[in-house]
Structure formats: structure tokens, C-alpha cells
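In what follows, a structure is listed as C-alpha cells, so that the remarks can point back to it.
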Amino acid sequence: MQCDTVWKGARLATMVGEALGVVEDGLVAARDGLILYAGARSDAPDLEAKRVVDCEGRWITPGLIDCHTHLVHGGDRAQEFELRLEGASYEAIARAGGGIVSTMRATRAASEDALVASALPRLDALIAEGVTTVEIKSGYGLDGETEIRMLRAARGLAAERPVEVATTFLGAHALPPEYVGDADGYIGMLCDTMLPEVARLGLADAVDAFCEGIGFTPEQTERLFAAAARHGLPVKLHAEQLSNLHGAALAASFGALSADHLEYLDEDGIAAMARAGTVATLLPGAYYFVRETRLPPIEGLRRAGVPIALATDCNPGTSPLTSLLLVMNMGATLFRLTVAECLAGVTRNAARALGLADRGTLEAGKRCDLAIWDVERPAELVYRMGFNPLHARIWSGQ
């Protein structure tokens, strides 16, 4: 069998099945950016490779996937961080004109080139830890011009770095000043004007919303999701972060790829997600940063068989985090996820949360996105804090 590259002498965490899918004496063969074989050396077909890489016993996992970020934005919110340290709540800051609307002002003032330039260091930090696919949301423009500029900047990042970018339209992130007191009018504009233009330009892979007391009601979210369906776009939802508005069940009724945050998710929401195959994307960075005390219902999600993903939620207000390795540690220490759950959360389940069936595991036919690690066991990837054992990152076979 002809192939471009063989990585031999490796231990594999294929992430196939319910656990890690460990292969102790394994190899990976790739051609044209796809995996031809991943498994035990003893079972491998005859391979003729242009290049052979000896991994010297290192571990190979699928390339990591950050499936929920707000990587593109203007400015920062360090001042609000100080206010929260002095006792102000996230909701109080938002209602006083801070929060998302504060970032909106800085983002509207930034050019597309400036947005790309400011996001690149954040993206580089993720790439340096083995991330090969990243989702990036809009949502800090809240007008047609800036939302489109954000999505173009997100797509532009993929032209600057060897990484796959999935873009999500999050126009329903907050109410802009132009629509104060008229949330229904703003949702109508999103459905009738902004979303159709985003879809026409092909700039979004999915549609998201913030269904919350300081965001949008379930009824308003439902209108937006119906519009997304008319344009053939899948949906995701920020749901049950600060209260239980039953947003996850609503998202599941639209076959949502994921519902994210979920601290206040109830049993009915869990059941709806399980029926729909909707992924639960947990964001421990935000949980930690805002000092939340209510845990997502991990045991309920496990019992129902709802896939659990983990992501950085990288954003300037509630999770200025650019380490998916630290996210895994937080998932384990704060949410008591297992090592296998944490690794699945940033590989196969993260891929599922983006609707990307072509990655997230080491299997023939999947994209050859790999992370090669200088560790003795996969648990080290979850156990360590502030330590990056990445040896090499392979994106599309390169």
C-alpha cells in the first residue's frame, strides 16, 4: 500500500469506542491528508512510505478540537475582572453597559485586519498545544457589517495558520444599543436581514444564541432557529448557564449539534438532548472564572448517554483562556470527569459538537490530524497544569 508518511513506534489513543482505544505497539499511515491505517503494527498491511517517522514510544492522539470559542474580538475586559473581584456580579456589570456590549464597542471599532492580528496570538496558543480544529463565533458586532467582518476575520485566520476553522453566527449574543427595549425587533432583523446575508455569503457553518435572562427568551431563540433551518444551517445554544429557561430542550427539538454551559440543566433537558443526539459542551473555564458554584449535572448526562465535550470558551469577559490542556484538568478537578471523558471531550465528542464526522478519532478514512506527545501515559495530559508536552502536531498529514 502506497502512503505518504508512516508514524511508527507509537502508542496510540485512537479514541475509538467508549474509552481511549489504546494500542500499545502501533502505527499510523497517511496519504493525501487522510489516515490509511491506524492500529497495531502486527496487523498493519504492507506499506510503502515516502517518509517514515519513528515516534520512539511517544503517544499519538487525534489532533485536539476546541469546539466553543469567541476567539475574534476587539479589546479586553480586565477592568470588569477587577470589578468582579470587588463584588460586582456578571449580570450587574452587563446591565450597567459592560459585558458583551463593552466588547461590542471595541469590536465595531476594529478593522478586519486588526481583528485577525489580535486573534492570532490566541490561536497560536491553542495550536501550540496540539489543536488542529477550532470553532470561532461572531457575536461582538451585533450589527450586520461587524458580524460579517468578524466571520470573515475568523475565516481569515485559517489562511494565516495550518488549522481548520469552523465559524458560528452568534448575532443573538446580546441586545445592541440600537434595539434597547426591542428585543423582538432585533430578533426579527436577525431573521429577516442579517442571517440571510450571512447565509448568502457562506460565512457560517452554524447558528448560535444566548438563551438567558440577560440574553434572549426561548420564544425569541425559537424564531431564530426556525430561520436557521430555512437556510439549512445547524444550530447550537448557550443554554442553562445562569438559570433554567429550558433552552437545551428547545435546542434539542431543532436537532442542535450542541448545548453549551448547562450548569442549570434539568432532567427533562438531559432526556431531550439524549433523544436528539445533542452534545453537552461543558466550559469549565467560565465556571471557574465567574466562580460559579452550581455544577453541571454530570451524572445525569452520563446515565442518559449524552456525549460530553469540553472547550475553552475563550472570550474576553468570562473565560480568557487559551489552553485546552488546562481545560481538561479543570474538567477533571472541577467536574470530576475521568481521563477518558476529558480526552474524548476534546477529540471525538468535540468533533461531534461541530458536526464534523471526518475527525476526532484515529481511524482509516479520517483526516490525518494528530498530536504526538512526550508522555508516559495519557493521564499526564489531564493531570499536569501549565505544562505542555506536545512533541509534534500534524495537520492534514503535514
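Letters A, B, ... go to the chains of the C-alpha cells in the order shown; residues in each chain start at 1; ligands are counted from 1 in the same order.
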
Non-local contacts of Ala199 of chain A (9 Å; only C-alpha atoms; under 6 positions in same chain excluded) as a CSV table (one decimal) with N, CA, C and O atoms, in the first residue's frame:
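Contents of around.csv, as written:
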```
chain,number,residue,atom,x,y,z
A,205,ASP,N,-21.0,28.2,9.5
A,205,ASP,CA,-21.3,26.7,9.5
A,205,ASP,C,-22.4,26.4,10.4
A,205,ASP,O,-22.9,25.2,10.4
A,228,ALA,N,-32.8,29.7,10.9
A,228,ALA,CA,-31.6,29.0,10.6
A,228,ALA,C,-31.9,27.7,9.8
A,228,ALA,O,-31.3,27.4,8.8
A,231,HIS,N,-32.5,28.3,6.2
A,231,HIS,CA,-31.3,28.5,5.4
A,231,HIS,C,-30.4,27.2,5.4
A,231,HIS,O,-29.2,27.3,5.0
A,232,GLY,N,-30.8,26.1,6.0
A,232,GLY,CA,-30.1,24.9,6.0
A,232,GLY,C,-28.9,24.9,6.9
A,232,GLY,O,-27.9,24.2,6.7
A,233,LEU,N,-28.9,25.8,8.0
A,233,LEU,CA,-27.8,25.8,8.9
A,233,LEU,C,-28.1,25.1,10.2
A,233,LEU,O,-29.2,25.4,10.8
```

Next on the checklist: Give me the residues near Thr217 of chain A as a VMD selection string, where near means some atom within 10 Å (using only C-alpha atoms) and where sequence neighbours in that chain fewer than 3 positions away do not count.
Outcome noted: chain A and resid 183 to 184 209 to 214 220 to 222 245 to 247

Item to check | Selected residue of minimal separation from Ser118 of chain A among A:Pro177, A:Gly9, A:Pro196, A:Gly74, counting only C-alpha atoms | outcome: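 Of the candidates, the smallest distance to Ser118 of chain A is held by A:Gly74.
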
Checklist outcome for this item: re atom CA of Glu56 of chain A and atom CA of Asn329 of chain A: distance 26.2 Å

Next on the checklist: To test your reading of the structure, identify every residue in segment 234-352 of chain A that backbone DSSP assigns to strand (DSSP E), and report it as a PyMOL selection string.
Outcome noted: chain A and resi 236-239+258-261+279-282+308-310

Item to check | Selection near Leu151 of chain A, 8 Å with only C-alpha atoms, sequence-local residues under 6 positions removed, as an MDAnalysis selection string | outcome: chainID A and resid 137:138 167:169 203:204

Next on the checklist: Residues of segment 192-271 of chain A classed as helix (DSSP H, G or I) by DSSP on the backbone are to be reported as an MDAnalysis selection string.
Outcome noted: chainID A and resid 192:201 218:230 247:253 267:271

Checklist entry - When distances are computed from only C-alpha atoms, which of A:Gly97, A:Gly277, A:Gly317, A:Gly63 shows the smallest separation from Glu82 of chain A? => result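 Ranking A:Gly97, A:Gly277, A:Gly317, A:Gly63 by distance to Glu82 of chain A, first place goes to A:Gly317.
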
Checklist entry - Residues at most 10 Å from Ala106 of chain A, counting only C-alpha atoms, excluding those fewer than 4 positions away in the same chain, as number ranges by chain? => result A: 73-76, 101-102, 110, 140-141

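A straight line drawn from atom CA of Arg58 of chain A to atom CA of Ala392 of chain A is 10.2 Å long.
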
Item to check | Exercise: Leu250 of chain A partners within 12 Å, only C-alpha atoms, chain neighbours under 2 positions left out, as a PyMOL selection string | outcome: chain A and resi 209+211+217-226+235-240+244-248+252-256+258-259+265+268-273+276+278

Checklist outcome for this item: Counting only C-alpha atoms, closest pick from A:Tyr288, A:Tyr37, A:Trp7, A:Phe216 relative to Met330 of chain A is A:Tyr288

Next on the checklist: So that I can see what lies close to Leu370 of chain A, please list as number ranges by chain the residues with an atom at most 6 Å from it, counting only C-alpha atoms and leaving out residues fewer than 6 positions away in the same chain.
Outcome noted: A: 61-63, 393-394

Checklist outcome for this item: Judged by only C-alpha atoms, the minimum distance to Tyr383 of chain A among A:Ala274, A:Ala351, A:Leu326, A:Ala172 is found for A:Leu326

Checklist entry - Quick one: distance from atom CA of Pro307 of chain A to atom CA of Val279 of chain A in Å, one decimal? => result 5.1 Å

Can you list, as a PDB file with N, CA, C and O atoms, in the first residue's frame, every protein, DNA or RNA residue that comes within 10 Å of Glu160 of chain A when you count only C-alpha atoms, leaving out same-chain residues fewer than 6 positions away?
```pdb
ATOM      1  N   VAL A 116      -7.983  40.059  12.949  1.00  0.00           N
ATOM      2  CA  VAL A 116      -7.135  38.896  12.674  1.00  0.00           C
ATOM      3  C   VAL A 116      -5.848  38.990  13.495  1.00  0.00           C
ATOM      4  O   VAL A 116      -5.436  38.021  14.146  1.00  0.00           O
ATOM      5  N   ALA A 117      -5.220  40.151  13.481  1.00  0.00           N
ATOM      6  CA  ALA A 117      -3.946  40.322  14.184  1.00  0.00           C
ATOM      7  C   ALA A 117      -4.087  40.088  15.682  1.00  0.00           C
ATOM      8  O   ALA A 117      -3.219  39.466  16.313  1.00  0.00           O
ATOM      9  N   LEU A 120      -4.634  36.225  16.418  1.00  0.00           N
ATOM     10  CA  LEU A 120      -3.568  35.277  16.099  1.00  0.00           C
ATOM     11  C   LEU A 120      -2.797  34.777  17.324  1.00  0.00           C
ATOM     12  O   LEU A 120      -2.533  33.571  17.424  1.00  0.00           O
TER      13      LEU A 120
END
```

Next on the checklist: Using only C-alpha atoms for the distances, tell me which of A:Leu262, A:Gly300, A:Cys314, A:Tyr186 is nearest to Gly285 of chain A.
Outcome noted: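 Checking each candidate against Gly285 of chain A, we get A:Cys314 as the closest.
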
Next on the checklist: From the options A:Leu325, A:Leu283, A:Val290, A:Val23, which residue's atoms come nearest to Leu85 of chain A, counting only C-alpha atoms?
Outcome noted: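 Smallest separation from Leu85 of chain A among the options: A:Val290.
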